[in-house]
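Chemist: Submitted below is the structure of interest, expressed as structure tokens.
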Amino acid sequence: MIDLIFPDGSKRQYDDGVTGKQVAASIAPSLAKRAALIKLDGELLDVDRPLPKGGQFEILSRDSAAALETLRHDTSHIMAQAVQELFPGTQVTIGPSIEDGFYYDFARDEPFSLDDLPKIEARMKEIVDRDLPLVREVWKRDEAIAHFKSIGETYKAEIIEGIPAGEDVSLYRQGDDWKDLCRGPHFPSTKFIGKAFKLTKLAGAYWRGDHRNAQLQRIYGTAWASDADLEAHVTRLEEAEKRDHRKIGRAMDLFHMQEEGRGMVFWHPKGLTLWHTVESYIRRRMDAAGYVEVRTPQVLDRVFWEKSGHWEKYRPNMFVCETEEGEELALKPMNCPGHVQIFNHGQKSYRDLPLRMAEFGACHRYEPSGALHGLMRVRAFTQDDGHIFCREDQIEEETTRFIELASSIHADFGLERDHIALATRPEVRAGSDAFWDKAEAQMLSAARKAGVEPVIAEGDGAFYAPKLDFLLKDAIGRQWACGTIQLDYVLPERLDADYVGEDGQKHRPVMLHRAICGSMERFIGVLIENFAGAFPLWLAPVQVVVATITSDADDYARQVAKALVAKGLRVETDLRNEKINYKVREHSLAKTPVIAVVGRREAELGQVALRRLGSDGQEILDLASAANALALAATPPDIARNAGGVERAGEAG
């Protein structure tokens, strides 16, 4: 007999070998009909699979949030079956669920076209209507290899050959004629998937992600529990397409990327102005919060990276070179080991702690070319990096201070925090369970002191300690991971960092790794998409364009521009022989926040007509008043707070 504990706390006994569906039927026949999956001690299982043990038990319908990933994985199988029915001879390889959807990689000589997607969708809906049962089968490894080779599925056979000899494999049969290698779980039949899915795009992919292997064709799709959810997602995708930072970056002349520098950014003058604005703001906040800024070398000897542990664990992601003198050097993929070297330079006392160290550190990491994505995934990037060296009794206070500081900074950039995740011990980790209990409790307590109840992300911690990750929400509700603080006892030990304690003995400091933007490139990409290029005045690369109505106002336009520049504003002039409506439209499309229109009348009266982005009206002001008003509106939020005497408590050093 096994004991099952239900969500309401009740407990029932069942015979060994009972299935989830039988348990559901024992409660109500209607529940058995709705049962799509079961959850046993947190693990999802097929409803028709015999329960291997007792424990916490829950029956899930297809509409359950916990069932959404399975729904998407099932949809990928339905797509694979539809493709093979429509295009005989196509081989299937892998087809996982991913965030908001799924994909499947196919091996086919003839390329798919976008015109094929509606045909595949239509066949998928037919397969849903067939109500084909999804049945798990356990095969001997060698039998499965022979079977897939016999039907021409060489990629599936290769996957199974990678499974240790003697291990059984699970397959899922979809109806009578189609099957796929899969761990599962799956819904009971294809009708449970519904029809709230859409195929979205085609892409190329290499077998096993290796460019030396055969190139495959990838079909992406999205799937949801309801048509309303699908429609809302499609609307978000359309809005996201309009906000794509790569398109806006081109349109606003901010940056470009090219094949000769994969994953590396060419910043144009306006883009670099935006960068400097963000960097200057962060630097002021770091100064106010008691950080000292440092700079560490770009290239260091292999021996250094071996000592830090990165050579063993991170070597495939490092760019390495050799000199004629036989040195083996690596571009730094992160800044933390260099910061320990600065800490180690000269004896530190407990009175020196906490020592808050910051660096806009340029780093390089190898990312496969297929994973690169504009500013969001690059090979060369700059971190707004920081490390806090502190005593163990200072961990909670420093973590709380950081949460308050990061939250304030994110808010200043117009980004709403969705939640903070506490990433707990991973399966492979350093340290004892007692250490992890203590470290996780420290991070949890610090978050609560900052007024935050973190969401637990089981197993997502770094191998050396837990961390708190900031998940931000942009203008269209997408989540972005920006900002983290990580607790580290390991690196100070490896690099022999110490300080003299109050007892006169040497002690290891604790190291808190922290970043607020993450990387400057990605953070600027997030800002571009959040504001769709229409930055608040303080962030805009060009804040004001002075545009003339007639050429006889050119001299006055230059005078206006000079007066605005003297107030610290970023100004351009447009003296072209074009109609003013054309100029206004062009600069509005370029997301210029303010257009100062001047003509003969404005020149005679010493005035300007201000047109603000998104407004049809205009405001007539004398030049001095306009300059003062715009300068005030363009004041960065931290400076504005300081001027008003309301800087957040606890952020000064």
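Order determines the names: the first chain of the structure tokens is A, the second B, and so forth; residues in each chain are numbered 1 upward, and ligands are numbered 1 upward as they are shown.
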According to DSSP computed on the backbone, where in stretch 165-274 of chain A is there alpha helix (DSSP H)? Give the residues as a list in words.

Modeler: Asp227, Ala228, Asp229, Leu230, Glu231, Ala232, His233, Val234, Thr235, Arg236, Leu237, Glu238, Glu239, Ala240, Glu241, Lys242, His245, Arg246, Lys247, Ile248, Gly249, Arg250, Ala251, Pro269, Lys270, Gly271, Leu272, Thr273 and Leu274 of chain A

Chemist: Would you output that residue set with N, CA and C atoms, as a CSV table (one decimal), in the first residue's frame?

Modeler:
```
chain,number,residue,atom,x,y,z
A,227,ASP,N,-7.2,30.2,-26.4
A,227,ASP,CA,-7.1,31.1,-27.5
A,227,ASP,C,-6.8,32.5,-27.0
A,228,ALA,N,-7.4,32.9,-25.9
A,228,ALA,CA,-7.2,34.2,-25.4
A,228,ALA,C,-5.7,34.4,-25.0
A,229,ASP,N,-5.1,33.4,-24.3
A,229,ASP,CA,-3.7,33.5,-24.0
A,229,ASP,C,-2.8,33.6,-25.2
A,230,LEU,N,-3.2,32.8,-26.3
A,230,LEU,CA,-2.4,32.8,-27.5
A,230,LEU,C,-2.5,34.2,-28.2
A,231,GLU,N,-3.7,34.7,-28.2
A,231,GLU,CA,-3.9,36.0,-28.8
A,231,GLU,C,-3.1,37.1,-28.1
A,232,ALA,N,-3.1,37.1,-26.7
A,232,ALA,CA,-2.4,38.0,-25.9
A,232,ALA,C,-0.9,37.9,-26.2
A,233,HIS,N,-0.4,36.7,-26.4
A,233,HIS,CA,1.0,36.5,-26.6
A,233,HIS,C,1.4,37.0,-28.0
A,234,VAL,N,0.5,36.7,-29.0
A,234,VAL,CA,0.8,37.2,-30.4
A,234,VAL,C,0.9,38.7,-30.4
A,235,THR,N,0.0,39.4,-29.6
A,235,THR,CA,0.0,40.8,-29.5
A,235,THR,C,1.3,41.3,-28.9
A,236,ARG,N,1.7,40.6,-27.8
A,236,ARG,CA,3.0,41.0,-27.2
A,236,ARG,C,4.2,40.8,-28.2
A,237,LEU,N,4.1,39.8,-29.0
A,237,LEU,CA,5.2,39.6,-30.0
A,237,LEU,C,5.2,40.7,-31.0
A,238,GLU,N,4.0,41.1,-31.4
A,238,GLU,CA,4.0,42.2,-32.4
A,238,GLU,C,4.5,43.5,-31.8
A,239,GLU,N,4.2,43.7,-30.5
A,239,GLU,CA,4.7,44.9,-29.9
A,239,GLU,C,6.2,44.8,-29.6
A,240,ALA,N,6.6,43.6,-29.3
A,240,ALA,CA,8.1,43.4,-29.1
A,240,ALA,C,8.8,43.6,-30.4
A,241,GLU,N,8.2,43.2,-31.5
A,241,GLU,CA,8.8,43.4,-32.8
A,241,GLU,C,9.1,44.9,-33.1
A,242,LYS,N,8.1,45.7,-32.8
A,242,LYS,CA,8.2,47.1,-33.0
A,242,LYS,C,9.3,47.7,-32.1
A,245,HIS,N,15.4,46.2,-30.3
A,245,HIS,CA,16.5,47.2,-30.1
A,245,HIS,C,17.4,47.2,-31.3
A,246,ARG,N,17.5,46.2,-32.1
A,246,ARG,CA,18.4,46.2,-33.2
A,246,ARG,C,17.8,47.1,-34.3
A,247,LYS,N,16.5,47.0,-34.5
A,247,LYS,CA,15.9,47.9,-35.5
A,247,LYS,C,15.9,49.4,-35.0
A,248,ILE,N,15.6,49.6,-33.8
A,248,ILE,CA,15.6,51.0,-33.3
A,248,ILE,C,17.0,51.5,-33.2
A,249,GLY,N,18.0,50.7,-32.9
A,249,GLY,CA,19.4,51.1,-32.9
A,249,GLY,C,19.8,51.6,-34.2
A,250,ARG,N,19.4,50.9,-35.3
A,250,ARG,CA,19.7,51.3,-36.7
A,250,ARG,C,19.0,52.6,-37.0
A,251,ALA,N,17.7,52.7,-36.7
A,251,ALA,CA,16.9,53.9,-37.0
A,251,ALA,C,17.4,55.1,-36.3
A,269,PRO,N,28.3,57.7,-32.4
A,269,PRO,CA,28.3,58.8,-31.4
A,269,PRO,C,27.1,58.9,-30.5
A,270,LYS,N,25.9,58.7,-31.1
A,270,LYS,CA,24.6,58.9,-30.3
A,270,LYS,C,24.5,57.7,-29.3
A,271,GLY,N,24.9,56.5,-29.8
A,271,GLY,CA,24.8,55.4,-28.9
A,271,GLY,C,25.8,55.5,-27.7
A,272,LEU,N,27.0,56.0,-28.0
A,272,LEU,CA,28.0,56.2,-27.0
A,272,LEU,C,27.6,57.3,-26.0
A,273,THR,N,26.9,58.3,-26.5
A,273,THR,CA,26.3,59.3,-25.6
A,273,THR,C,25.3,58.7,-24.6
A,274,LEU,N,24.5,57.8,-25.1
A,274,LEU,CA,23.5,57.1,-24.3
A,274,LEU,C,24.3,56.2,-23.2
```

Chemist: Write out as a count of residues only each polymer residue whose atoms come within 9 Å of A:Gly166, counting only C-alpha atoms; drop sequence neighbours fewer than 6 positions from it.

Modeler: 3

Chemist: Give the strand (DSSP E or B) residues of stretch 29-242 of chain A, as assigned by DSSP on the backbone, as a ChimeraX atom specification.

Modeler: /A:37-40,43-45,50,55-60,91-92,97-98,101-107,133-140,168-174,178-181,189,197-206,215-223

Chemist: So the first atom is atom CA of A:Leu623 and the second is atom CA of A:Val560; what is the distance between them in Å, to one decimal place?

Modeler: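 Rounded to one decimal, the two atoms are 7.0 Å apart.
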
Chemist: I want to know what sits within 7 Å of stretch 94-96 of chain A, based on only C-alpha atoms, with residues of the same chain fewer than 5 positions away left out; could you give that as a VMD selection string?

Modeler: chain A and resid 73 76 102 to 105

Chemist: Kindly indicate which residue among A:Arg302, A:His77, A:Lys179, A:Arg208 lies nearest to A:Ile193, using only C-alpha atoms for the distances.

Modeler: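 Between A:Arg302, A:His77, A:Lys179, A:Arg208, the residue approaching A:Ile193 most closely is A:His77.
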
Chemist: Can you pull out every residue within 7 Å of stretch 366-379 of chain A, counting only C-alpha atoms, but drop anything in the same chain fewer than 3 positions away, and send it as a PDB file with N, CA and C atoms, in the first residue's frame?

Modeler:
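And here's result.pdb as it stands now:
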```pdb
ATOM      1  N   ARG A 246      17.501  46.161 -32.060  1.00  0.00           N
ATOM      2  CA  ARG A 246      18.372  46.184 -33.235  1.00  0.00           C
ATOM      3  C   ARG A 246      17.813  47.118 -34.308  1.00  0.00           C
ATOM      4  N   GLY A 263      29.424  39.308 -32.266  1.00  0.00           N
ATOM      5  CA  GLY A 263      29.140  39.478 -30.851  1.00  0.00           C
ATOM      6  C   GLY A 263      29.812  40.680 -30.227  1.00  0.00           C
ATOM      7  N   MET A 264      30.266  41.630 -31.074  1.00  0.00           N
ATOM      8  CA  MET A 264      30.933  42.818 -30.560  1.00  0.00           C
ATOM      9  C   MET A 264      30.291  44.049 -31.184  1.00  0.00           C
ATOM     10  N   ASN A 317      34.830  28.878 -22.466  1.00  0.00           N
ATOM     11  CA  ASN A 317      34.229  30.188 -22.729  1.00  0.00           C
ATOM     12  C   ASN A 317      35.252  31.320 -22.723  1.00  0.00           C
ATOM     13  N   MET A 318      36.543  30.967 -22.637  1.00  0.00           N
ATOM     14  CA  MET A 318      37.577  31.992 -22.551  1.00  0.00           C
ATOM     15  C   MET A 318      38.331  32.117 -23.870  1.00  0.00           C
ATOM     16  N   PHE A 319      38.677  33.372 -24.229  1.00  0.00           N
ATOM     17  CA  PHE A 319      39.516  33.634 -25.389  1.00  0.00           C
ATOM     18  C   PHE A 319      40.981  33.575 -24.931  1.00  0.00           C
ATOM     19  N   GLU A 521      25.857  46.600 -22.203  1.00  0.00           N
ATOM     20  CA  GLU A 521      25.255  46.355 -23.517  1.00  0.00           C
ATOM     21  C   GLU A 521      23.826  45.850 -23.375  1.00  0.00           C
ATOM     22  N   ARG A 522      23.666  44.822 -22.581  1.00  0.00           N
ATOM     23  CA  ARG A 522      22.331  44.239 -22.443  1.00  0.00           C
ATOM     24  C   ARG A 522      21.368  45.214 -21.769  1.00  0.00           C
ATOM     25  N   GLY A 525      20.214  47.642 -24.213  1.00  0.00           N
ATOM     26  CA  GLY A 525      19.239  46.983 -25.074  1.00  0.00           C
ATOM     27  C   GLY A 525      17.867  46.903 -24.425  1.00  0.00           C
TER      28      GLY A 525
END
```

Chemist: Which one is closest to A:Asn530: A:Ala450, A:Leu405, A:Ala205, A:Ala475? Count only C-alpha atoms.

Modeler: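 Ranked by minimum distance to A:Asn530, first place goes to A:Ala475.
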
Chemist: Which residue is closest to A:Asp63? Choose from A:Leu605, A:Ala36, A:Ala626, A:Leu44 and count only C-alpha atoms.

Modeler: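 Of A:Leu605, A:Ala36, A:Ala626, A:Leu44, the one nearest A:Asp63, counting only C-alpha atoms, is A:Ala36.
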
Chemist: Leaving out A:Asp437 and any residue of its chain fewer than 5 positions from it, which residues lie within 10 Å of it when counting only C-alpha atoms, given as a list in words?

Modeler: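 Those residues are Thr424, Arg425, Ser432, Gln442 and Pro466 of chain A.
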
Chemist: Give the answer as one residue: which of A:Leu51, A:Leu71, A:Val500, A:Val510 has the shortest atom-to-atom distance to A:Asp393, using only C-alpha atoms?

Modeler: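 For A:Asp393, the nearest of the candidates is A:Val510.
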
Chemist: For A:Gly261, which of A:Glu306, A:Ala380, A:Asp16, A:Ala629 is the closest residue, counting only C-alpha atoms?

Modeler: A:Ala380

Chemist: Calculated over only C-alpha atoms, which of the candidates A:Thr399, A:Gln383, A:Ser408, A:Gln258 has the smallest distance to A:Asp469?

Modeler: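 Distance minimum relative to A:Asp469 lands on A:Thr399.
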
Chemist: Find the residues near A:Arg173: any atom within 7 Å, counting only C-alpha atoms, skip ones fewer than 5 places away on the same chain, and give them as a list in words.

Modeler: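 The residues satisfying every condition are Leu134, Val135, Arg136, Trp178, Lys179 and Asp180 of chain A.
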
Chemist: The selected residues should be written to file as an mmCIF file, in the first residue's frame (atoms: C-alpha atoms).

Modeler:
```cif
data_model
loop_
_atom_site.group_PDB
_atom_site.id
_atom_site.type_symbol
_atom_site.label_atom_id
_atom_site.label_comp_id
_atom_site.auth_asym_id
_atom_site.auth_seq_id
_atom_site.Cartn_x
_atom_site.Cartn_y
_atom_site.Cartn_z
ATOM 1 C CA LEU A 134 -0.042 9.109 -26.066
ATOM 2 C CA VAL A 135 1.327 5.883 -24.629
ATOM 3 C CA ARG A 136 4.660 5.409 -22.877
ATOM 4 C CA TRP A 178 4.135 7.481 -34.961
ATOM 5 C CA LYS A 179 6.548 7.337 -32.049
ATOM 6 C CA ASP A 180 9.401 9.382 -30.618
#
```

Chemist: When you look at A:Leu68 with a cut-off of 10 Å (counting only C-alpha atoms), what residues show up, excluding the ones that are within fewer than 4 positions of it in the same chain? I need them as a ChimeraX atom specification.

Modeler: /A:61-64,72-74,97,100-101,193,223-225

Chemist: Please compute the atom CA of A:Ala330-atom CA of A:Pro297 distance, one decimal, in Å.

Modeler: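 Computing the Euclidean distance for atom CA of A:Ala330 and atom CA of A:Pro297 yields 10.6 Å.
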